[in-house]
$ cat coords_22.txt   # compact mmCIF, C-alpha atoms
# COMPACT_ATOMS: atom_id res chain seq x y z
CA MET A 1449 43.19 20.45 -18.00
CA MET A 1450 41.82 17.91 -15.56
CA ALA A 1451 43.56 14.58 -15.20
CA THR A 1452 41.18 11.78 -16.11
CA PRO A 1453 39.71 9.39 -13.56
CA SER A 1454 41.12 5.87 -13.66
CA LYS A 1455 41.06 2.31 -12.30
CA PHE A 1456 37.45 1.65 -13.16
CA VAL A 1457 35.95 -1.43 -11.52
CA LEU A 1458 32.45 -2.53 -12.45
CA TYR A 1459 30.63 -4.67 -9.90
CA ASN A 1460 27.95 -6.33 -11.93
CA TYR A 1461 26.21 -9.53 -12.96
CA TRP A 1462 26.24 -11.09 -16.42
CA ARG A 1463 22.49 -11.47 -16.65
CA SER A 1464 21.43 -8.14 -15.16
CA SER A 1465 19.93 -5.88 -17.83
CA CYS A 1466 21.00 -2.75 -15.93
CA SER A 1467 24.59 -4.08 -15.89
CA TRP A 1468 24.48 -4.68 -19.65
CA ARG A 1469 23.49 -1.04 -20.24
CA VAL A 1470 26.54 0.19 -18.36
CA ARG A 1471 28.93 -2.34 -19.92
CA ALA A 1472 27.80 -1.23 -23.40
CA VAL A 1473 28.50 2.43 -22.64
CA LEU A 1474 31.94 1.53 -21.26
CA GLU A 1475 32.62 -0.40 -24.48
CA LEU A 1476 31.36 2.41 -26.72
CA LYS A 1477 33.61 4.93 -25.01
CA LYS A 1478 36.54 2.47 -24.92
CA ILE A 1479 36.99 2.87 -21.18
CA PRO A 1480 39.03 -0.05 -19.80
CA TYR A 1481 37.53 -1.56 -16.64
CA GLU A 1482 37.97 -4.48 -14.32
CA TYR A 1483 34.99 -6.85 -14.20
CA ARG A 1484 33.89 -8.05 -10.78
CA ALA A 1485 31.00 -10.44 -10.68
CA ILE A 1486 28.29 -10.15 -8.02
CA ASN A 1487 25.90 -13.09 -8.22
CA LEU A 1488 22.45 -11.56 -7.72
CA VAL A 1489 20.69 -14.92 -7.69
CA LYS A 1490 22.91 -16.13 -4.82
CA GLY A 1491 22.33 -12.76 -3.08
CA GLU A 1492 25.99 -11.73 -3.09
CA GLN A 1493 24.87 -8.08 -3.27
CA TYR A 1494 23.72 -8.42 0.34
CA GLY A 1495 26.97 -10.06 1.47
CA LYS A 1496 29.33 -8.43 3.97
CA GLU A 1497 32.09 -7.99 1.41
CA PHE A 1498 30.01 -6.10 -1.14
CA GLN A 1499 28.26 -4.03 1.49
CA GLN A 1500 31.63 -2.51 2.33
CA ILE A 1501 31.75 -1.28 -1.25
CA ASN A 1502 28.09 -0.32 -1.53
CA PRO A 1503 26.04 -0.21 1.70
CA ILE A 1504 22.77 -0.24 -0.21
CA SER A 1505 23.63 -3.39 -2.19
CA GLN A 1506 23.00 -1.99 -5.67
CA VAL A 1507 24.40 -3.57 -8.82
CA PRO A 1508 25.80 -2.29 -11.13
CA THR A 1509 28.22 -0.25 -9.02
CA LEU A 1510 31.13 1.59 -10.60
CA GLN A 1511 34.22 2.20 -8.49
CA PHE A 1512 37.05 4.42 -9.69
CA GLN A 1513 39.83 6.72 -8.70
CA THR A 1514 39.20 10.43 -9.23
CA SER A 1515 41.76 12.70 -10.85
CA ASP A 1516 42.79 13.91 -7.39
CA GLY A 1517 43.24 10.40 -6.01
CA ARG A 1518 40.01 9.73 -4.10
CA THR A 1519 38.15 6.45 -4.49
CA GLU A 1520 34.54 7.03 -5.46
CA ILE A 1521 31.60 4.76 -6.11
CA LEU A 1522 28.52 5.42 -8.18
CA TYR A 1523 25.41 3.28 -8.60
CA GLU A 1524 22.08 3.34 -10.47
CA SER A 1525 22.73 2.59 -14.13
CA MET A 1526 21.41 5.94 -15.42
CA ALA A 1527 23.59 7.86 -12.96
CA ILE A 1528 26.70 5.88 -13.89
CA ILE A 1529 25.96 6.41 -17.58
CA ASP A 1530 25.47 10.15 -17.07
CA TYR A 1531 28.83 10.34 -15.31
CA LEU A 1532 30.56 8.49 -18.13
CA GLU A 1533 28.90 10.74 -20.71
CA GLN A 1534 29.92 13.90 -18.83
CA THR A 1535 33.48 12.72 -18.29
CA PHE A 1536 34.10 10.99 -21.62
CA PRO A 1537 31.81 12.89 -23.98
CA THR A 1538 33.03 11.29 -27.21
CA PRO A 1539 31.42 9.33 -28.78
CA SER A 1540 28.23 10.68 -27.31
CA ILE A 1541 25.19 8.57 -26.47
CA TYR A 1542 22.87 11.47 -27.34
CA PRO A 1543 21.94 13.48 -30.44
CA ASN A 1544 22.97 17.17 -30.22
CA ASP A 1545 19.51 18.62 -30.62
CA PRO A 1546 17.82 19.00 -27.19
CA ILE A 1547 14.43 17.77 -28.45
CA GLU A 1548 15.96 14.68 -30.05
CA ARG A 1549 18.02 14.12 -26.91
CA ALA A 1550 14.84 14.28 -24.80
CA LYS A 1551 13.20 11.72 -27.08
CA VAL A 1552 16.13 9.35 -26.58
CA ILE A 1553 15.72 9.79 -22.83
CA ALA A 1554 11.97 9.17 -23.15
CA ILE A 1555 12.63 5.83 -24.85
CA ALA A 1556 15.26 4.95 -22.24
CA GLU A 1557 12.99 5.86 -19.32
CA THR A 1558 10.05 3.96 -20.80
CA ILE A 1559 12.26 0.91 -20.34
CA VAL A 1560 14.32 1.88 -17.28
CA SER A 1561 11.43 3.14 -15.15
CA GLY A 1562 8.44 1.80 -17.07
CA ILE A 1563 9.29 -1.85 -17.67
CA GLN A 1564 12.37 -3.20 -15.92
CA PRO A 1565 11.39 -2.31 -12.31
CA ILE A 1566 8.04 -4.13 -12.56
CA GLN A 1567 9.58 -7.35 -13.88
CA ASN A 1568 12.73 -7.50 -11.81
CA LEU A 1569 13.83 -10.26 -9.46
CA VAL A 1570 12.65 -8.75 -6.16
CA VAL A 1571 9.19 -7.90 -7.49
CA MET A 1572 8.83 -11.37 -9.02
CA LYS A 1573 9.74 -12.95 -5.67
CA LYS A 1574 7.04 -10.89 -3.99
CA ILE A 1575 4.47 -11.97 -6.60
CA GLU A 1576 5.46 -15.59 -6.05
CA GLU A 1577 4.99 -15.06 -2.30
CA ILE A 1578 1.53 -13.52 -2.76
CA THR A 1579 0.24 -16.06 -5.26
CA GLY A 1580 2.18 -19.11 -4.04
CA SER A 1581 3.11 -19.81 -7.66
CA LYS A 1582 6.38 -19.37 -9.51
CA ASP A 1583 4.50 -19.69 -12.79
CA GLN A 1584 2.33 -16.74 -11.88
CA SER A 1585 5.38 -14.60 -11.20
CA VAL A 1586 6.74 -15.43 -14.66
CA GLU A 1587 3.32 -14.73 -16.15
CA TRP A 1588 3.32 -11.37 -14.29
CA SER A 1589 6.59 -10.37 -15.94
CA ARG A 1590 5.59 -11.65 -19.37
CA GLU A 1591 2.31 -9.73 -19.30
CA TRP A 1592 3.86 -6.44 -18.18
CA ILE A 1593 6.57 -6.60 -20.79
CA ARG A 1594 4.01 -7.42 -23.47
CA LYS A 1595 1.76 -4.54 -22.49
CA LYS A 1596 4.64 -2.06 -22.36
CA PHE A 1597 6.20 -3.34 -25.59
CA GLN A 1598 2.92 -2.59 -27.37
CA MET A 1599 3.35 1.00 -26.20
CA LEU A 1600 7.02 1.07 -27.14
CA GLU A 1601 6.35 -0.36 -30.61
CA THR A 1602 3.86 2.50 -31.21
CA MET A 1603 6.27 5.10 -29.83
CA LEU A 1604 9.17 3.95 -31.97
CA LYS A 1605 7.26 3.99 -35.25
CA SER A 1606 7.78 7.75 -35.46
CA MET A 1607 11.28 7.72 -33.98
CA SER A 1608 13.35 4.78 -35.13
CA GLY A 1609 15.54 4.44 -38.21
CA THR A 1610 18.23 1.80 -38.48
CA HIS A 1611 18.61 2.35 -34.72
CA THR A 1612 16.08 2.74 -31.90
CA PHE A 1613 16.23 6.50 -32.32
CA GLY A 1614 17.17 7.58 -35.82
CA ASP A 1615 20.24 6.13 -37.49
CA HIS A 1616 22.85 6.37 -34.76
CA LEU A 1617 23.72 4.47 -31.62
CA THR A 1618 22.21 6.17 -28.55
CA LEU A 1619 21.29 5.43 -24.97
CA ALA A 1620 17.95 4.16 -26.30
CA ASP A 1621 19.75 1.22 -27.95
CA PHE A 1622 21.63 0.35 -24.77
CA CYS A 1623 18.33 0.18 -22.90
CA LEU A 1624 16.30 -1.62 -25.57
CA VAL A 1625 18.50 -4.64 -26.25
CA PRO A 1626 18.82 -5.86 -22.63
CA GLN A 1627 15.06 -5.43 -22.17
CA VAL A 1628 14.34 -7.53 -25.25
CA ALA A 1629 16.66 -10.19 -23.80
CA ASN A 1630 14.51 -10.20 -20.66
CA ALA A 1631 11.39 -10.47 -22.81
CA ILE A 1632 12.81 -13.50 -24.59
CA LYS A 1633 13.78 -15.06 -21.26
CA PHE A 1634 10.14 -14.71 -20.16
CA LYS A 1635 8.94 -16.18 -23.49
CA VAL A 1636 7.30 -13.03 -24.82
CA ASP A 1637 6.57 -13.70 -28.50
CA MET A 1638 8.70 -11.11 -30.26
CA ASN A 1639 6.85 -11.67 -33.54
CA GLU A 1640 4.16 -9.49 -32.03
CA PHE A 1641 6.65 -6.59 -32.14
CA PRO A 1642 8.24 -6.56 -35.60
CA LEU A 1643 9.95 -3.21 -35.13
CA LEU A 1644 11.48 -4.06 -31.74
CA LYS A 1645 12.50 -7.44 -33.12
CA ARG A 1646 14.22 -5.96 -36.16
CA LEU A 1647 16.01 -3.31 -34.10
CA ASN A 1648 17.16 -5.89 -31.57
CA GLU A 1649 18.53 -8.25 -34.20
CA PHE A 1650 20.47 -5.46 -35.86
CA LEU A 1651 21.74 -3.93 -32.63
CA LEU A 1652 23.06 -7.26 -31.34
CA THR A 1653 25.60 -7.07 -34.17
CA THR A 1654 26.99 -3.67 -33.12
CA GLU A 1655 30.35 -3.89 -31.40
CA SER A 1656 29.67 -2.23 -28.04
CA ILE A 1657 26.41 -4.07 -27.45
CA ALA A 1658 27.83 -7.40 -28.60
CA LYS A 1659 30.90 -7.17 -26.37
CA ALA A 1660 28.70 -6.28 -23.42
CA ARG A 1661 26.17 -9.07 -23.92
CA PRO A 1662 25.65 -11.53 -21.06
CA ASP A 1663 27.01 -14.52 -23.04
CA ASN A 1664 30.36 -12.79 -23.34
CA GLN A 1665 30.87 -12.15 -19.62
CA PRO A 1666 33.24 -14.17 -17.40
CA ASP A 1667 30.57 -15.11 -14.81
CA LYS A 1668 28.23 -16.55 -17.45
CA MET A 1669 26.83 -19.86 -16.32
CA MET B 897 21.26 33.00 -31.17
CA MET B 898 18.32 30.61 -31.18
CA ALA B 899 14.88 31.98 -30.59
CA THR B 900 13.36 30.35 -27.52
CA PRO B 901 10.56 27.81 -27.68
CA SER B 902 7.20 29.08 -26.47
CA LYS B 903 3.53 28.35 -25.74
CA PHE B 904 4.20 25.60 -23.24
CA VAL B 905 1.19 23.49 -22.34
CA LEU B 906 1.47 20.86 -19.61
CA TYR B 907 -1.03 18.02 -19.75
CA ASN B 908 -0.96 16.67 -16.25
CA TYR B 909 -2.88 15.63 -13.15
CA TRP B 910 -2.81 17.35 -9.78
CA ARG B 911 -2.13 14.19 -7.80
CA SER B 912 0.41 12.54 -10.14
CA SER B 913 3.87 12.55 -8.57
CA CYS B 914 5.54 12.58 -12.02
CA SER B 915 3.48 15.67 -12.91
CA TRP B 916 4.58 17.40 -9.70
CA ARG B 917 8.25 16.85 -10.59
CA VAL B 918 7.79 18.61 -13.92
CA ARG B 919 5.67 21.44 -12.51
CA ALA B 920 8.37 22.15 -9.92
CA VAL B 921 11.08 22.41 -12.59
CA LEU B 922 8.88 24.75 -14.67
CA GLU B 923 8.39 26.90 -11.54
CA LEU B 924 12.09 26.90 -10.68
CA LYS B 925 13.01 28.04 -14.17
CA LYS B 926 10.12 30.56 -14.26
CA ILE B 927 8.77 29.13 -17.51
CA PRO B 928 5.15 30.21 -18.01
CA TYR B 929 2.84 27.37 -19.03
CA GLU B 930 -0.78 26.58 -19.57
CA TYR B 931 -2.17 23.93 -17.24
CA ARG B 932 -4.41 21.29 -18.80
CA ALA B 933 -5.83 18.67 -16.48
CA ILE B 934 -6.04 15.03 -17.50
CA ASN B 935 -7.94 13.02 -14.91
CA LEU B 936 -6.00 9.78 -14.57
CA VAL B 937 -8.50 8.20 -12.19
CA LYS B 938 -11.32 8.74 -14.72
CA GLY B 939 -9.00 7.39 -17.46
CA GLU B 940 -8.96 10.61 -19.51
CA GLN B 941 -5.43 9.73 -20.67
CA TYR B 942 -6.99 6.96 -22.79
CA GLY B 943 -9.67 9.25 -24.22
CA LYS B 944 -9.91 10.12 -27.92
CA GLU B 945 -9.11 13.78 -27.36
CA PHE B 946 -5.87 13.21 -25.45
CA GLN B 947 -4.77 10.40 -27.75
CA GLN B 948 -4.60 12.94 -30.55
CA ILE B 949 -2.05 14.82 -28.47
CA ASN B 950 -0.20 11.76 -27.19
CA PRO B 951 -0.96 8.38 -28.81
CA ILE B 952 0.64 6.48 -25.96
CA SER B 953 -1.50 8.16 -23.27
CA GLN B 954 1.36 9.30 -21.04
CA VAL B 955 0.97 12.06 -18.46
CA PRO B 956 2.75 14.43 -17.93
CA THR B 957 3.03 15.52 -21.55
CA LEU B 958 4.61 18.84 -22.49
CA GLN B 959 3.50 20.51 -25.71
CA PHE B 960 5.25 23.59 -27.06
CA GLN B 961 6.16 25.54 -30.13
CA THR B 962 9.77 25.28 -31.27
CA SER B 963 11.82 28.32 -32.24
CA ASP B 964 11.13 27.52 -35.90
CA GLY B 965 7.39 27.22 -35.41
CA ARG B 966 6.79 23.45 -35.18
CA THR B 967 4.54 22.01 -32.50
CA GLU B 968 6.34 19.34 -30.49
CA ILE B 969 5.34 17.07 -27.65
CA LEU B 970 7.55 15.41 -25.08
CA TYR B 971 6.62 12.88 -22.41
CA GLU B 972 8.27 10.87 -19.61
CA SER B 973 9.03 13.23 -16.72
CA MET B 974 12.81 12.74 -16.82
CA ALA B 975 12.90 13.45 -20.55
CA ILE B 976 10.82 16.61 -20.19
CA ILE B 977 13.01 17.75 -17.32
CA ASP B 978 16.19 17.11 -19.32
CA TYR B 979 14.81 19.18 -22.20
CA LEU B 980 13.95 22.06 -19.86
CA GLU B 981 17.42 21.88 -18.29
CA GLN B 982 19.12 21.87 -21.70
CA THR B 983 17.01 24.71 -23.05
CA PHE B 984 16.74 26.87 -19.92
CA PRO B 985 19.96 26.02 -18.08
CA THR B 986 19.64 28.67 -15.34
CA PRO B 987 19.00 28.03 -12.51
CA SER B 988 20.32 24.51 -12.94
CA ILE B 989 18.85 21.44 -11.26
CA TYR B 990 22.32 19.86 -11.03
CA PRO B 991 25.62 20.57 -9.27
CA ASN B 992 28.49 21.39 -11.65
CA ASP B 993 30.77 18.55 -10.59
CA PRO B 994 30.06 15.41 -12.68
CA ILE B 995 30.34 13.06 -9.69
CA GLU B 996 27.96 15.16 -7.60
CA ARG B 997 25.65 15.42 -10.60
CA ALA B 998 25.64 11.63 -10.94
CA LYS B 999 24.79 11.29 -7.24
CA VAL B 1000 21.80 13.59 -7.71
CA ILE B 1001 20.68 11.40 -10.61
CA ALA B 1002 21.20 8.28 -8.48
CA ILE B 1003 18.84 9.67 -5.84
CA ALA B 1004 16.34 10.69 -8.52
CA GLU B 1005 16.45 7.27 -10.22
CA THR B 1006 16.12 5.43 -6.91
CA ILE B 1007 12.73 7.12 -6.71
CA VAL B 1008 11.78 7.43 -10.40
CA SER B 1009 12.67 3.88 -11.41
CA GLY B 1010 13.06 2.18 -8.02
CA ILE B 1011 9.91 3.21 -6.14
CA GLN B 1012 7.24 5.04 -8.12
CA PRO B 1013 6.71 2.43 -10.90
CA ILE B 1014 6.05 -0.38 -8.39
CA GLN B 1015 3.41 1.58 -6.47
CA ASN B 1016 1.66 3.35 -9.30
CA LEU B 1017 -2.00 3.13 -10.21
CA VAL B 1018 -1.81 0.50 -12.98
CA VAL B 1019 0.34 -1.87 -10.91
CA MET B 1020 -1.96 -1.46 -7.90
CA LYS B 1021 -4.97 -2.31 -10.05
CA LYS B 1022 -3.23 -5.47 -11.20
CA ILE B 1023 -2.45 -6.46 -7.60
CA GLU B 1024 -6.09 -5.87 -6.69
CA GLU B 1025 -7.10 -8.09 -9.59
CA ILE B 1026 -4.72 -10.89 -8.54
CA THR B 1027 -5.58 -10.80 -4.85
CA GLY B 1028 -9.21 -9.71 -5.12
CA SER B 1029 -8.53 -7.17 -2.41
CA LYS B 1030 -8.15 -3.40 -2.58
CA ASP B 1031 -6.59 -3.44 0.87
CA GLN B 1032 -3.86 -5.76 -0.34
CA SER B 1033 -3.02 -3.42 -3.20
CA VAL B 1034 -2.60 -0.55 -0.73
CA GLU B 1035 -0.52 -2.81 1.51
CA TRP B 1036 1.62 -3.70 -1.53
CA SER B 1037 2.40 -0.04 -2.17
CA ARG B 1038 2.98 0.75 1.49
CA GLU B 1039 5.42 -2.12 1.92
CA TRP B 1040 7.45 -1.31 -1.21
CA ILE B 1041 7.74 2.33 -0.30
CA ARG B 1042 8.78 1.41 3.25
CA LYS B 1043 11.42 -1.01 2.04
CA LYS B 1044 12.84 1.44 -0.50
CA PHE B 1045 12.70 4.38 1.93
CA GLN B 1046 14.92 2.38 4.31
CA MET B 1047 17.45 2.22 1.50
CA LEU B 1048 17.02 5.89 0.61
CA GLU B 1049 17.40 6.98 4.23
CA THR B 1050 20.76 5.11 4.36
CA MET B 1051 21.85 6.57 1.01
CA LEU B 1052 21.05 10.13 1.97
CA LYS B 1053 22.95 10.06 5.27
CA SER B 1054 26.18 10.65 3.38
CA MET B 1055 24.69 12.97 0.75
CA SER B 1056 22.10 15.33 2.20
CA GLY B 1057 22.57 18.75 3.80
CA THR B 1058 19.73 21.20 4.15
CA HIS B 1059 18.51 19.70 0.86
CA THR B 1060 18.29 16.12 -0.42
CA PHE B 1061 21.72 16.46 -2.00
CA GLY B 1062 23.90 19.01 -0.25
CA ASP B 1063 22.60 22.50 0.44
CA HIS B 1064 21.01 23.44 -2.86
CA LEU B 1065 17.82 22.65 -4.70
CA THR B 1066 18.38 19.85 -7.25
CA LEU B 1067 16.44 17.28 -9.24
CA ALA B 1068 16.71 15.01 -6.17
CA ASP B 1069 14.40 17.36 -4.24
CA PHE B 1070 11.84 17.46 -7.04
CA CYS B 1071 11.70 13.67 -6.99
CA LEU B 1072 11.75 13.18 -3.21
CA VAL B 1073 8.85 15.41 -2.14
CA PRO B 1074 6.18 13.93 -4.46
CA GLN B 1075 7.29 10.42 -3.42
CA VAL B 1076 6.93 11.28 0.28
CA ALA B 1077 3.44 12.59 -0.52
CA ASN B 1078 2.63 9.18 -2.00
CA ALA B 1079 4.07 7.51 1.09
CA ILE B 1080 1.82 9.59 3.34
CA LYS B 1081 -1.17 8.80 1.14
CA PHE B 1082 -0.46 5.10 1.67
CA LYS B 1083 -0.03 5.66 5.43
CA VAL B 1084 3.68 4.90 5.61
CA ASP B 1085 4.82 6.06 9.07
CA MET B 1086 7.32 8.78 8.22
CA ASN B 1087 8.65 8.78 11.80
CA GLU B 1088 10.58 5.70 10.71
CA PHE B 1089 12.55 7.95 8.32
CA PRO B 1090 13.64 11.02 10.27
CA LEU B 1091 15.96 12.32 7.55
CA LEU B 1092 13.41 11.99 4.73
CA LYS B 1093 10.79 13.53 7.01
CA ARG B 1094 12.95 16.52 7.88
CA LEU B 1095 13.96 17.09 4.25
CA ASN B 1096 10.35 16.84 3.07
CA GLU B 1097 9.07 19.30 5.68
CA PHE B 1098 11.74 21.83 4.76
CA LEU B 1099 11.39 21.37 1.01
CA LEU B 1100 7.63 21.86 1.08
CA THR B 1101 8.36 25.46 2.09
CA THR B 1102 10.55 26.19 -0.96
CA GLU B 1103 8.80 28.29 -3.59
CA SER B 1104 9.00 26.06 -6.69
CA ILE B 1105 7.94 22.91 -4.85
CA ALA B 1106 5.16 24.69 -2.93
CA LYS B 1107 3.70 26.29 -6.06
CA ALA B 1108 3.75 22.92 -7.82
CA ARG B 1109 2.15 20.94 -5.01
CA PRO B 1110 -1.09 19.08 -5.76
CA ASP B 1111 -3.18 21.22 -3.37
CA ASN B 1112 -2.38 24.30 -5.41
CA GLN B 1113 -3.50 22.93 -8.77
CA PRO B 1114 -6.77 23.91 -10.49
CA ASP B 1115 -8.03 20.30 -10.87
CA LYS B 1116 -7.64 19.52 -7.17
CA MET B 1117 -10.68 17.75 -5.82
$ encode --input "coords_22.txt" --output "C-alpha cells"
Amino acid sequence: MMATPSKFVLYNYWRSSCSWRVRAVLELKKIPYEYRAINLVKGEQYGKEFQQINPISQVPTLQFQTSDGRTEILYESMAIIDYLEQTFPTPSIYPNDPIERAKVIAIAETIVSGIQPIQNLVVMKKIEEITGSKDQSVEWSREWIRKKFQMLETMLKSMSGTHTFGDHLTLADFCLVPQVANAIKFKVDMNEFPLLKRLNEFLLTTESIAKARPDNQPDKM
Amino acid sequence: MMATPSKFVLYNYWRSSCSWRVRAVLELKKIPYEYRAINLVKGEQYGKEFQQINPISQVPTLQFQTSDGRTEILYESMAIIDYLEQTFPTPSIYPNDPIERAKVIAIAETIVSGIQPIQNLVVMKKIEEITGSKDQSVEWSREWIRKKFQMLETMLKSMSGTHTFGDHLTLADFCLVPQVANAIKFKVDMNEFPLLKRLNEFLLTTESIAKARPDNQPDKM
C-alpha cells in the first residue's frame, strides 16, 4: 500500500471562487491543510515570494509532500480537485454511473469554463481599460452571469434534486455556490433564477461548503 | 459485463476548437460516429431542429444509445471526453500517476477555461458591440491568447517532452492543437512561442489529431 501524501498547504484567497471550490473538497474529504492567504487584489500572486512557489502566479495552488518525500505543487482548481478525488476517493464528488458523472462535469464546466473566466478580475480590468468605466466592467460581469444563469437554470431543471445534480453532494455543488456568490456580488437578481436560488440557499447550510465559505476564512476583510 | 453504448452521433462544427477536442478523442479510441454539422456562424445551434436535441444550444453535443436502449445526450467537451474515457478506457488520455494526471488536467484547463472562453465567438461579438469595431474584437482575442500563451509556454517547459505532457498523447494535446489553430487564425505570431509551435507542428502529424482537424471535416467551407 502507498503511503499517503501529507503536509498540504493551500495558497488561496478568501474571495476567489476557484479557491472556495478547492477548500470545499478538502473539507468534504477531511484533509487537513494549512491556509496561506495570497491577496489577489493587492497582486500578491505576482510577487517574488509566491512566484518561487508557482512561477505562473496561479491561485489556488496546492503544495504537498508526496509519499516518497518530494514536494509537489498543483494548480488549476479542476486539476487539484481531480488529484484529491483520485488520491482520497471517499467520499466521492461524483456519482458512480459514467453518464451521471459526465452530467456533473457538464454542470461544473458550464460554470468553470463558461461563466467564471469571462467575469474574472483580469477580464474586468481589461473591460474597464477599453471602456474607461468601472461601472461598465461591473455591468459586463452582471450581464454575462445573467445570460449564462438562464442557460444553467434550464439545464438544471432536468438534473437537480435536493442538490445541483440529484440528491447528493457533487462537484456541481462546489462550483455552483461560489458562482452564485459572485452573481450576488455583481447584483444579479437571483429571484430571476428560483432553482439556482433554492439550491444555493440549501447548499450554504452543508458542512463542507459552509466551512469553506469566504466569510469563514482568516484573510477575510 | 455491460453491453457497450452505440450509435454515436456528434453534433459539431468543423471550425469549433471544442468540437476538435472531442473528435480527436473519438478517433484515438476508434469509436465510430456519425458526423452532423451545426453551423455556428449561421446560428444553427439556436434553430428549432437542434433545440429539440439540445435545449441549451451547446456544440459539441454527443448523442448515443445506452446499453439498455435509452437515447442520451451529453454536452460540454470535457464532460463528453470524461464519459468516453470512463466507458472506453483504452487507450487512455491520461498518465496513470495521479500527480501526472492532474498536471495534464491543469494544462487542459489552462486552455479550456483560461483561454478559449475569453476569445470565443459570443464574447468577440460583445466586444464588437461595445467598441463598435470588428478589428478591436480580433485584437481582443489576439492579445488574450498571446498573454495566456506566454504563461503556457512557461508552464510547459517543465512538463513537455515530445508531447505536451511528457512523451505520450494525452488530453493536453487534444486541447493544445485546436487552441494553436485559433491563435493562428487571429494572427498570433507563433514564433514568440517556440515550444508551443514545435509541439503543435509535431502533434498535427499524429493520426487522431490529423483525422479530427477542421480541414478534414465534411462541413469545411
$ residues_around --input "coords_22.txt" --residues "region 1024-1035 of chain B" --least-positions-apart "3" --cutoff "10 Å" --atoms "all atoms listed in the file" --output "VMD selection string"
(chain A and resid 1575 1578 to 1579 1584 1588) or (chain B and resid 1015 1017 to 1021 1038 to 1041 1081 to 1084)
$ interface_residues --input "coords_22.txt" --of "chain B" --to "chain A" --cutoff "8 Å" --atoms "all atoms listed in the file" --output "PDB file with C-alpha atoms, keeping the file's coordinate frame"
ATOM      1  CA  PRO B 951      -0.960   8.380 -28.810  1.00  0.00           C
ATOM      2  CA  ILE B 952       0.640   6.480 -25.960  1.00  0.00           C
ATOM      3  CA  LEU B 970       7.550  15.410 -25.080  1.00  0.00           C
ATOM      4  CA  TYR B 971       6.620  12.880 -22.410  1.00  0.00           C
ATOM      5  CA  GLU B 972       8.270  10.870 -19.610  1.00  0.00           C
ATOM      6  CA  MET B 974      12.810  12.740 -16.820  1.00  0.00           C
ATOM      7  CA  ALA B 975      12.900  13.450 -20.550  1.00  0.00           C
ATOM      8  CA  ILE B 976      10.820  16.610 -20.190  1.00  0.00           C
ATOM      9  CA  ASP B 978      16.190  17.110 -19.320  1.00  0.00           C
ATOM     10  CA  TYR B 979      14.810  19.180 -22.200  1.00  0.00           C
ATOM     11  CA  GLN B 982      19.120  21.870 -21.700  1.00  0.00           C
ATOM     12  CA  THR B 983      17.010  24.710 -23.050  1.00  0.00           C
ATOM     13  CA  PRO B 994      30.060  15.410 -12.680  1.00  0.00           C
ATOM     14  CA  ILE B 995      30.340  13.060  -9.690  1.00  0.00           C
ATOM     15  CA  ARG B 997      25.650  15.420 -10.600  1.00  0.00           C
ATOM     16  CA  ALA B 998      25.640  11.630 -10.940  1.00  0.00           C
ATOM     17  CA  LYS B 999      24.790  11.290  -7.240  1.00  0.00           C
ATOM     18  CA  VAL B1000      21.800  13.590  -7.710  1.00  0.00           C
ATOM     19  CA  ILE B1001      20.680  11.400 -10.610  1.00  0.00           C
ATOM     20  CA  ALA B1002      21.200   8.280  -8.480  1.00  0.00           C
ATOM     21  CA  GLU B1005      16.450   7.270 -10.220  1.00  0.00           C
ATOM     22  CA  THR B1006      16.120   5.430  -6.910  1.00  0.00           C
ATOM     23  CA  VAL B1008      11.780   7.430 -10.400  1.00  0.00           C
ATOM     24  CA  SER B1009      12.670   3.880 -11.410  1.00  0.00           C
ATOM     25  CA  GLY B1010      13.060   2.180  -8.020  1.00  0.00           C
ATOM     26  CA  PRO B1013       6.710   2.430 -10.900  1.00  0.00           C
ATOM     27  CA  ILE B1014       6.050  -0.380  -8.390  1.00  0.00           C
ATOM     28  CA  ILE B1026      -4.720 -10.890  -8.540  1.00  0.00           C
ATOM     29  CA  THR B1027      -5.580 -10.800  -4.850  1.00  0.00           C
ATOM     30  CA  MET B1047      17.450   2.220   1.500  1.00  0.00           C
ATOM     31  CA  THR B1050      20.760   5.110   4.360  1.00  0.00           C
ATOM     32  CA  MET B1051      21.850   6.570   1.010  1.00  0.00           C
TER      33      MET B1051
END
$ residues_around --input "coords_22.txt" --residues "Gly1057 (chain B)" --least-positions-apart "5" --cutoff "10 Å" --atoms "all atoms listed in the file" --output "list of chain:residue names"
B:Leu1052, B:Gly1062, B:Asp1063, B:His1064, B:Leu1091, B:Leu1095
$ closest_residue --input "coords_22.txt" --among "B:Pro987, B:Pro1114, B:Gly943, B:Pro901" --to "Leu1067 (chain B)" --atoms "only C-alpha atoms"
B:Pro987
$ atom_distance --input "coords_22.txt" --atom1 "CA of Glu930 (chain B)" --atom2 "CA of Phe946 (chain B)"
15.5 Å
$ atom_distance --input "coords_22.txt" --atom1 "CA of Met1086 (chain B)" --atom2 "CA of Arg1042 (chain B)"
9.0 Å
$ atom_distance --input "coords_22.txt" --atom1 "CA of Val937 (chain B)" --atom2 "CA of Val955 (chain B)"
12.0 Å
$ residues_near_point --input "coords_22.txt" --point "(26.3, 3.6, -28.3)" --cutoff "6 Å" --atoms "only C-alpha atoms" --output "number ranges by chain"
A: 1476, 1541, 1617-1618
$ residues_near_point --input "coords_22.txt" --point "(6.4, 26.4, -32.8)" --cutoff "12 Å" --atoms "all atoms listed in the file" --output "list in words"
Ala899, Thr900, Pro901, Ser902, Lys903, Phe904, Gln959, Phe960, Gln961, Thr962, Ser963, Asp964, Gly965, Arg966, Thr967, Glu968 and Ile969 of chain B
$ write_last_selection --input "coords_22.txt" --atoms "C-alpha atoms" --output "CSV table (one decimal), in the frame of the given file"
chain,number,residue,atom,x,y,z
B,899,ALA,CA,14.9,32.0,-30.6
B,900,THR,CA,13.4,30.4,-27.5
B,901,PRO,CA,10.6,27.8,-27.7
B,902,SER,CA,7.2,29.1,-26.5
B,903,LYS,CA,3.5,28.4,-25.7
B,904,PHE,CA,4.2,25.6,-23.2
B,959,GLN,CA,3.5,20.5,-25.7
B,960,PHE,CA,5.2,23.6,-27.1
B,961,GLN,CA,6.2,25.5,-30.1
B,962,THR,CA,9.8,25.3,-31.3
B,963,SER,CA,11.8,28.3,-32.2
B,964,ASP,CA,11.1,27.5,-35.9
B,965,GLY,CA,7.4,27.2,-35.4
B,966,ARG,CA,6.8,23.4,-35.2
B,967,THR,CA,4.5,22.0,-32.5
B,968,GLU,CA,6.3,19.3,-30.5
B,969,ILE,CA,5.3,17.1,-27.6
$ decode --input "coords_22.txt" --residues "region 994-998 of chain B" --atoms "C-alpha atoms" --output "compact mmCIF listing (two decimals), in the first residue's frame"
# COMPACT_ATOMS: atom_id res chain seq x y z
CA PRO B 994 -2.43 10.85 -10.12
CA ILE B 995 0.00 13.79 -9.93
CA GLU B 996 0.91 13.49 -13.61
CA ARG B 997 -2.77 13.10 -14.43
CA ALA B 998 -3.55 16.31 -12.53
